[in-house]
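Peer 1: One file is attached below, final-v3.csv, containing CSV, C-alpha atoms.
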chain,number,residue,atom,x,y,z
A,1043,MET,CA,101.7,26.5,-0.4
A,1044,ALA,CA,98.9,28.2,-2.3
A,1045,ALA,CA,96.8,30.0,0.3
A,1046,ASP,CA,93.4,28.6,-0.7
A,1047,ALA,CA,90.2,29.6,1.0
A,1048,ASP,CA,89.7,26.2,2.8
A,1049,LYS,CA,93.0,26.5,4.6
A,1050,VAL,CA,92.3,30.1,5.6
A,1051,PHE,CA,88.8,29.3,7.0
A,1052,LYS,CA,90.1,26.2,8.8
A,1053,ALA,CA,93.0,28.2,10.3
A,1054,LEU,CA,90.6,30.9,11.5
A,1055,ALA,CA,88.2,28.4,13.0
A,1056,ASP,CA,90.0,28.2,16.3
A,1057,PRO,CA,90.0,30.7,19.2
A,1058,GLY,CA,93.6,30.0,20.1
A,1059,ARG,CA,94.8,30.8,16.5
A,1060,ARG,CA,92.6,33.9,16.3
A,1061,LEU,CA,94.2,35.1,19.6
A,1062,LEU,CA,97.6,34.6,18.0
A,1063,LEU,CA,96.6,36.7,15.1
A,1064,ASP,CA,95.3,39.4,17.4
A,1065,ARG,CA,98.6,39.3,19.3
A,1066,LEU,CA,100.5,39.8,16.1
A,1067,HIS,CA,98.1,42.6,15.0
A,1068,ALA,CA,98.9,44.4,18.3
A,1069,ASP,CA,102.6,43.9,18.0
A,1070,ASN,CA,103.8,42.6,14.6
A,1071,GLY,CA,107.1,40.7,14.2
A,1072,GLN,CA,107.5,38.6,17.3
A,1073,THR,CA,109.7,35.6,18.1
A,1074,LEU,CA,108.1,32.4,19.4
A,1075,THR,CA,109.3,33.2,22.9
A,1076,GLU,CA,107.7,36.7,22.8
A,1077,LEU,CA,104.4,35.2,21.5
A,1078,CYS,CA,104.4,32.6,24.3
A,1079,ALA,CA,105.0,35.1,27.0
A,1080,HIS,CA,101.5,36.6,26.8
A,1081,LEU,CA,99.4,33.6,26.0
A,1082,PRO,CA,97.6,31.1,28.1
A,1083,MET,CA,99.0,28.2,25.9
A,1084,SER,CA,102.0,25.9,26.1
A,1085,ARG,CA,104.9,26.6,23.8
A,1086,GLN,CA,104.1,23.3,22.0
A,1087,ALA,CA,100.5,24.4,21.3
A,1088,VAL,CA,101.6,27.8,20.0
A,1089,THR,CA,104.1,26.1,17.7
A,1090,LYS,CA,101.3,23.8,16.4
A,1091,HIS,CA,98.9,26.7,15.8
A,1092,LEU,CA,101.6,28.8,14.1
A,1093,LYS,CA,102.3,25.9,11.7
A,1094,LEU,CA,98.7,25.9,10.6
A,1095,LEU,CA,98.6,29.7,10.3
A,1096,GLU,CA,101.7,29.6,8.2
A,1097,GLU,CA,100.3,26.9,5.9
A,1098,ALA,CA,97.3,29.2,5.4
A,1099,SER,CA,99.7,32.1,4.7
A,1100,LEU,CA,98.1,34.1,7.5
A,1101,VAL,CA,101.5,34.2,9.3
A,1102,VAL,CA,104.8,34.6,7.5
A,1103,THR,CA,108.2,34.4,9.1
A,1104,ILE,CA,111.5,36.0,8.3
A,1105,TRP,CA,114.9,35.3,9.8
A,1106,ARG,CA,117.0,38.2,11.1
A,1107,GLY,CA,120.3,36.8,12.3
A,1108,ARG,CA,119.6,33.8,14.5
A,1109,GLU,CA,116.1,34.8,15.4
A,1110,LYS,CA,112.9,34.0,13.6
A,1111,PHE,CA,110.2,36.6,13.6
A,1112,HIS,CA,106.5,36.0,12.9
A,1113,PHE,CA,104.4,38.5,11.0
A,1114,LEU,CA,100.6,38.7,10.5
A,1115,ASN,CA,99.9,38.5,6.7
A,1116,PRO,CA,96.6,40.2,6.2
A,1117,VAL,CA,96.5,39.6,2.4
A,1118,PRO,CA,94.5,36.3,2.5
A,1119,ILE,CA,91.9,38.0,4.9
A,1120,HIS,CA,91.6,40.9,2.5
A,1121,GLU,CA,91.1,38.5,-0.5
A,1122,MET,CA,88.3,36.7,1.5
A,1123,ALA,CA,86.7,40.0,2.4
A,1124,GLU,CA,86.6,41.0,-1.2
A,1125,ARG,CA,85.2,37.7,-2.3
A,1126,TRP,CA,82.7,37.0,0.5
A,1127,ILE,CA,81.8,40.4,2.0
A,1128,HIS,CA,82.4,43.3,-0.4
A,1129,LYS,CA,80.4,41.5,-3.0
A,1130,TYR,CA,77.4,41.3,-0.5
A,1131,GLU,CA,77.0,45.0,0.4
A,1132,ARG,CA,79.7,45.9,2.8
A,1133,GLY,CA,78.2,49.3,3.5
A,1134,ARG,CA,75.1,47.9,5.1
A,1135,LEU,CA,77.0,45.3,7.0
A,1136,ARG,CA,79.3,48.0,8.5
A,1137,VAL,CA,76.3,49.9,9.7
A,1138,LEU,CA,75.0,46.8,11.5
A,1139,ALA,CA,78.4,46.1,13.0
A,1140,GLU,CA,78.5,49.6,14.4
A,1141,LEU,CA,75.0,49.3,15.8
A,1142,LYS,CA,75.9,46.0,17.5
A,1143,LYS,CA,79.1,47.6,19.0
A,1144,ASN,CA,77.2,50.6,20.3
A,1145,LEU,CA,74.4,48.5,21.9
A,1146,GLU,CA,76.8,46.0,23.5
A,1147,GLY,CA,79.3,48.7,24.8
A,1148,ASP,CA,82.8,49.5,23.8
A,1149,SER,CA,84.6,46.4,25.1
A,1150,ASN,CA,82.8,43.9,22.9
A,1151,GLY,CA,83.4,43.8,19.2
B,1280,MET,CA,112.2,44.2,17.1
B,1281,ALA,CA,113.3,47.8,17.4
B,1282,ASP,CA,112.5,48.6,13.8
B,1283,SER,CA,109.1,49.0,12.1
B,1284,ARG,CA,108.4,46.3,9.6
B,1285,PHE,CA,105.6,44.6,7.8
B,1286,VAL,CA,105.9,41.5,5.7
B,1287,TYR,CA,103.2,40.4,3.2
B,1288,VAL,CA,103.0,37.3,1.1
B,1289,THR,CA,100.6,36.4,-1.7
B,1290,TYR,CA,100.6,33.4,-4.1
B,1291,ILE,CA,99.5,34.3,-7.6
B,1292,ARG,CA,98.7,31.9,-10.4
B,1293,THR,CA,100.9,33.6,-13.0
B,1294,THR,CA,104.5,33.7,-14.2
B,1295,PRO,CA,107.4,35.7,-12.8
B,1296,GLU,CA,107.5,37.6,-16.2
B,1297,LYS,CA,103.9,38.7,-16.0
B,1298,LEU,CA,104.1,39.5,-12.3
B,1299,TRP,CA,107.2,41.7,-13.0
B,1300,GLN,CA,105.4,43.5,-15.8
B,1301,ALA,CA,102.3,44.1,-13.6
B,1302,LEU,CA,104.5,45.5,-10.8
B,1303,ILE,CA,106.4,47.9,-13.1
B,1304,GLU,CA,104.4,49.0,-16.1
B,1305,PRO,CA,102.0,52.0,-15.7
B,1306,GLU,CA,99.1,50.5,-17.6
B,1307,PHE,CA,99.1,47.6,-15.2
B,1308,THR,CA,99.8,49.4,-11.9
B,1309,ARG,CA,97.0,51.9,-12.6
B,1310,GLN,CA,94.5,49.0,-12.5
B,1311,PHE,CA,95.4,47.7,-9.0
B,1312,TRP,CA,97.5,50.4,-7.3
B,1313,VAL,CA,94.6,52.8,-6.7
B,1314,GLY,CA,95.2,54.5,-10.0
B,1315,CYS,CA,98.9,55.2,-9.4
B,1316,TRP,CA,101.9,54.7,-11.6
B,1317,GLN,CA,105.7,54.7,-11.2
B,1318,GLU,CA,108.3,56.7,-13.0
B,1319,SER,CA,111.8,55.3,-13.1
B,1320,GLU,CA,114.5,54.1,-15.5
B,1321,TRP,CA,114.6,50.8,-13.5
B,1322,LYS,CA,118.3,50.4,-13.0
B,1323,PRO,CA,120.5,50.6,-9.9
B,1324,GLY,CA,120.8,54.1,-8.6
B,1325,ALA,CA,118.0,55.5,-10.8
B,1326,SER,CA,115.4,57.7,-9.1
B,1327,TRP,CA,111.9,56.4,-8.5
B,1328,ARG,CA,108.6,58.1,-8.0
B,1329,LEU,CA,105.0,56.9,-7.4
B,1330,MET,CA,102.5,59.3,-9.0
B,1331,ILE,CA,99.0,60.0,-7.8
B,1332,PRO,CA,96.3,60.3,-10.6
B,1333,ASP,CA,95.8,64.0,-9.9
B,1334,GLY,CA,99.5,64.7,-10.6
B,1335,ARG,CA,100.9,64.9,-7.1
B,1336,VAL,CA,103.9,62.7,-6.1
B,1337,ALA,CA,102.9,60.2,-3.5
B,1338,ASP,CA,106.4,58.8,-2.7
B,1339,SER,CA,109.9,59.1,-4.1
B,1340,GLY,CA,113.2,57.4,-3.7
B,1341,GLU,CA,115.7,55.3,-5.7
B,1342,ILE,CA,116.4,51.8,-7.0
B,1343,LEU,CA,118.8,50.1,-4.6
B,1344,GLU,CA,118.8,46.7,-6.2
B,1345,ILE,CA,117.1,45.3,-9.3
B,1346,GLU,CA,117.1,41.8,-10.7
B,1347,PRO,CA,114.1,41.6,-13.2
B,1348,GLN,CA,111.5,38.9,-12.4
B,1349,LYS,CA,113.3,38.2,-9.1
B,1350,ARG,CA,114.0,41.1,-6.8
B,1351,LEU,CA,113.6,44.8,-6.4
B,1352,VAL,CA,114.7,46.9,-3.5
B,1353,LEU,CA,113.7,50.6,-3.3
B,1354,ARG,CA,114.6,53.5,-1.0
B,1355,TRP,CA,111.2,55.0,-0.4
B,1356,ARG,CA,110.0,58.2,1.3
B,1357,ASN,CA,106.5,59.6,1.5
B,1358,GLU,CA,106.1,63.0,-0.3
B,1359,PHE,CA,102.5,64.1,0.2
B,1360,LYS,CA,102.0,64.0,4.0
B,1361,PRO,CA,104.4,66.2,6.0
B,1362,GLU,CA,104.1,64.1,9.2
B,1363,LEU,CA,105.1,60.9,7.2
B,1364,ARG,CA,107.7,62.6,5.0
B,1365,GLU,CA,109.6,63.8,8.1
B,1366,GLU,CA,110.2,60.2,9.2
B,1367,GLY,CA,112.6,59.9,6.2
B,1368,TYR,CA,113.4,56.9,4.1
B,1369,SER,CA,112.1,53.4,4.4
B,1370,ARG,CA,113.2,50.3,2.5
B,1371,MET,CA,110.8,48.2,0.4
B,1372,THR,CA,111.7,44.8,-1.1
B,1373,TYR,CA,109.8,42.6,-3.6
B,1374,GLU,CA,110.9,39.0,-3.7
B,1375,ILE,CA,109.5,36.8,-6.5
B,1376,GLU,CA,109.8,33.0,-6.4
B,1377,PRO,CA,108.2,30.5,-8.7
B,1378,MET,CA,106.2,27.9,-6.7
B,1379,GLY,CA,104.8,25.1,-8.9
B,1380,GLU,CA,102.0,26.7,-10.9
B,1381,ALA,CA,102.0,29.9,-8.9
B,1382,VAL,CA,104.5,32.6,-8.0
B,1383,LYS,CA,105.1,33.7,-4.4
B,1384,LEU,CA,105.4,37.4,-4.0
B,1385,THR,CA,106.9,38.7,-0.7
B,1386,VAL,CA,106.7,42.4,0.1
B,1387,ILE,CA,108.8,43.7,3.0
B,1388,HIS,CA,108.4,47.3,4.0
B,1389,GLU,CA,110.6,48.5,6.8
B,1390,MET,CA,112.1,51.5,8.5
B,1391,GLU,CA,114.9,51.8,11.1
B,1392,ARG,CA,112.6,53.5,13.6
B,1393,PRO,CA,110.3,52.0,16.2
B,1394,GLY,CA,106.6,52.8,15.9
B,1395,SER,CA,106.9,54.4,12.4
B,1396,LYS,CA,103.7,56.2,11.4
B,1397,PHE,CA,104.7,55.8,7.8
B,1398,ILE,CA,105.0,52.0,8.1
B,1399,GLU,CA,101.6,52.0,9.9
B,1400,ALA,CA,100.1,54.0,7.1
B,1401,VAL,CA,101.4,51.8,4.2
B,1402,SER,CA,100.2,48.7,6.2
B,1403,ASN,CA,96.7,49.9,5.5
B,1404,GLY,CA,97.3,50.1,1.7
B,1405,TRP,CA,99.4,47.0,0.9
B,1406,PRO,CA,96.8,44.3,1.6
B,1407,MET,CA,94.3,45.9,-0.8
B,1408,ILE,CA,96.9,46.6,-3.5
B,1409,LEU,CA,98.3,43.1,-3.3
B,1410,SER,CA,94.9,41.4,-3.4
B,1411,GLY,CA,94.0,43.7,-6.3
B,1412,LEU,CA,97.2,42.7,-8.1
B,1413,LYS,CA,96.4,39.0,-7.5
B,1414,THR,CA,92.8,39.4,-8.8
B,1415,LEU,CA,94.0,41.3,-11.9
B,1416,LEU,CA,96.6,38.7,-12.8
B,1417,GLU,CA,94.3,35.7,-12.2
B,1418,THR,CA,91.0,37.0,-13.6
B,1419,GLY,CA,92.1,39.8,-16.0
B,1420,GLU,CA,90.2,42.4,-14.0
B,1421,SER,CA,91.0,44.0,-10.6
B,1422,PHE,CA,88.2,44.9,-8.2
B,1423,GLU,CA,86.7,48.4,-8.0
B,1424,ALA,CA,88.3,49.6,-4.8
B,1425,SER,CA,91.8,48.9,-6.0
B,1426,ARG,CA,91.4,50.9,-9.3
B,1427,HIS,CA,90.7,54.4,-7.8
B,1428,TRP,CA,92.6,56.8,-5.6
B,1429,PRO,CA,90.6,57.1,-2.3
B,1430,LYS,CA,88.5,60.3,-2.3
B,1431,GLY,CA,89.9,63.1,-0.1
B,1432,MET,CA,93.3,61.5,0.5
Is it possible to give me this structure as structure tokens?

Peer 2:
Amino acid sequence: MAADADKVFKALADPGRRLLLDRLHADNGQTLTELCAHLPMSRQAVTKHLKLLEEASLVVTIWRGREKFHFLNPVPIHEMAERWIHKYERGRLRVLAELKKNLEGDSNG
Amino acid sequence: MADSRFVYVTYIRTTPEKLWQALIEPEFTRQFWVGCWQESEWKPGASWRLMIPDGRVADSGEILEIEPQKRLVLRWRNEFKPELREEGYSRMTYEIEPMGEAVKLTVIHEMERPGSKFIEAVSNGWPMILSGLKTLLETGESFEASRHWPKGM
């Protein structure tokens, strides 16, 4: 239940789960079938990843009629950013991230 | 989904009474809601306004449902940005549930319109406001960014 930092870090430590979060960021509020349609993963793998993301409170679900929709919940990420990044000079880190982006080209973060 | 909708959840180590007070009372909201406070009589059908520290009205609407310490549903329209105001009314719901030693707060902000610019705009604000609220209730002090209205907005 409580979205503690360990669960959040663990949930984020997998490329498949980060991809799921990116898919929800691009199009929030998707059913399992919609999520599976654009992912190179089995339905079973997506279900497993979603369970971990839900336990970390990074994904929340609501029912509308007979369908279950998945939403990206950015609140725990914001809490982590405040705790781990803002405290350590976010301004300078942003400048470095911009520089990296410019040097590596637009396609890579 | 054809509508625009965001759902946020945060678990806060507090009581439903304290959370409700923090969500409603101006001396609390000013500390985490970027300096804003609300004006309402807090009963069904009453008008509701969110005030910007410089005196402008950020948003307005009415109380659709209110069950203290459990649930609040507001009809909510932007007032200070014409391109958002013209989209009309959204619906915002707070759901409060005790969960062991914590309280689960769910915020649903939705509008019956695909690709709403208003819902997109509030989606940038809610995560900061809610993590500021959590920090305030758990530590007695919110963080700097959630206390002040952003410059130039």

Peer 1: As an exercise, work out the distance from atom CA of Pro1361 of chain B to atom CA of Ala1325 of chain B in Å and give it to one decimal place.

Peer 2: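 Distance between the two atoms: 24.1 Å.
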
Peer 1: Please provide as a PyMOL selection string all residues within 12 Å of Ile1331 of chain B, with the sequence filter that same-chain residues fewer than 2 positions apart are discarded (counting all atoms listed in the file).

Peer 2: chain B and resi 1305+1308-1309+1312-1318+1328-1329+1333-1339+1357-1359+1426-1430+1432

Peer 1: Identify, on the basis of only C-alpha atoms, every residue whose closest approach to Lys1093 of chain A does not exceed 12 Å; exclude the query and any residue fewer than 6 positions from it along the same chain; express the result as a PyMOL selection string.

Peer 2: chain A and resi 1049+1053+1059+1062+1074+1086-1087+1099-1103+1112

Peer 1: Got a sec to pull out which chain B residues are within 9 Å of chain A, counting all atoms listed in the file, and send them as an MDAnalysis selection string?

Peer 2: chainID B and resid 1280 1283:1292 1378 1381 1383 1405:1407 1409:1411 1413:1414 1422

Peer 1: With all atoms listed in the file as the atoms that count, which of A:Ile1127, A:His1067, A:Gly1058, A:Val1050 lies nearest to Thr1089 of chain A?

Peer 2: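 Result for the nearest residue to Thr1089 of chain A: A:Gly1058.
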
Peer 1: For a test of reading the model, state the distance in Å between atom CA of Tyr1373 of chain B and atom CA of Thr1385 of chain B, rounded to one decimal.

Peer 2: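 About the pair atom CA of Tyr1373 of chain B and atom CA of Thr1385 of chain B: they are 5.7 Å apart.
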
Peer 1: In Å to one decimal, how far is atom CA of Ala1424 of chain B from atom CA of Trp1126 of chain A?

Peer 2: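 A separation of 14.8 Å between them.
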
Peer 1: Could you pull the residues within 9 Å of Arg1065 of chain A, counting all atoms listed in the file, minus those fewer than 6 positions along the same chain, as a list in words?

Peer 2: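 In the requested format, the answer is Leu1077, His1080 and Leu1081 of chain A.
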
Peer 1: Nearest residue to Gly1404 of chain B out of B:Arg1364, B:Lys1349, B:His1388, B:Arg1354, using all atoms listed in the file?

Peer 2: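 Comparing B:Arg1364, B:Lys1349, B:His1388, B:Arg1354 against Gly1404 of chain B, the winner is B:His1388.
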
Peer 1: Considering all atoms listed in the file, can you say which of B:Gly1431, B:Glu1344, B:Pro1332, B:Gly1367 comes closest to Gln1310 of chain B?

Peer 2: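 Smallest distance to Gln1310 of chain B is found for B:Pro1332.
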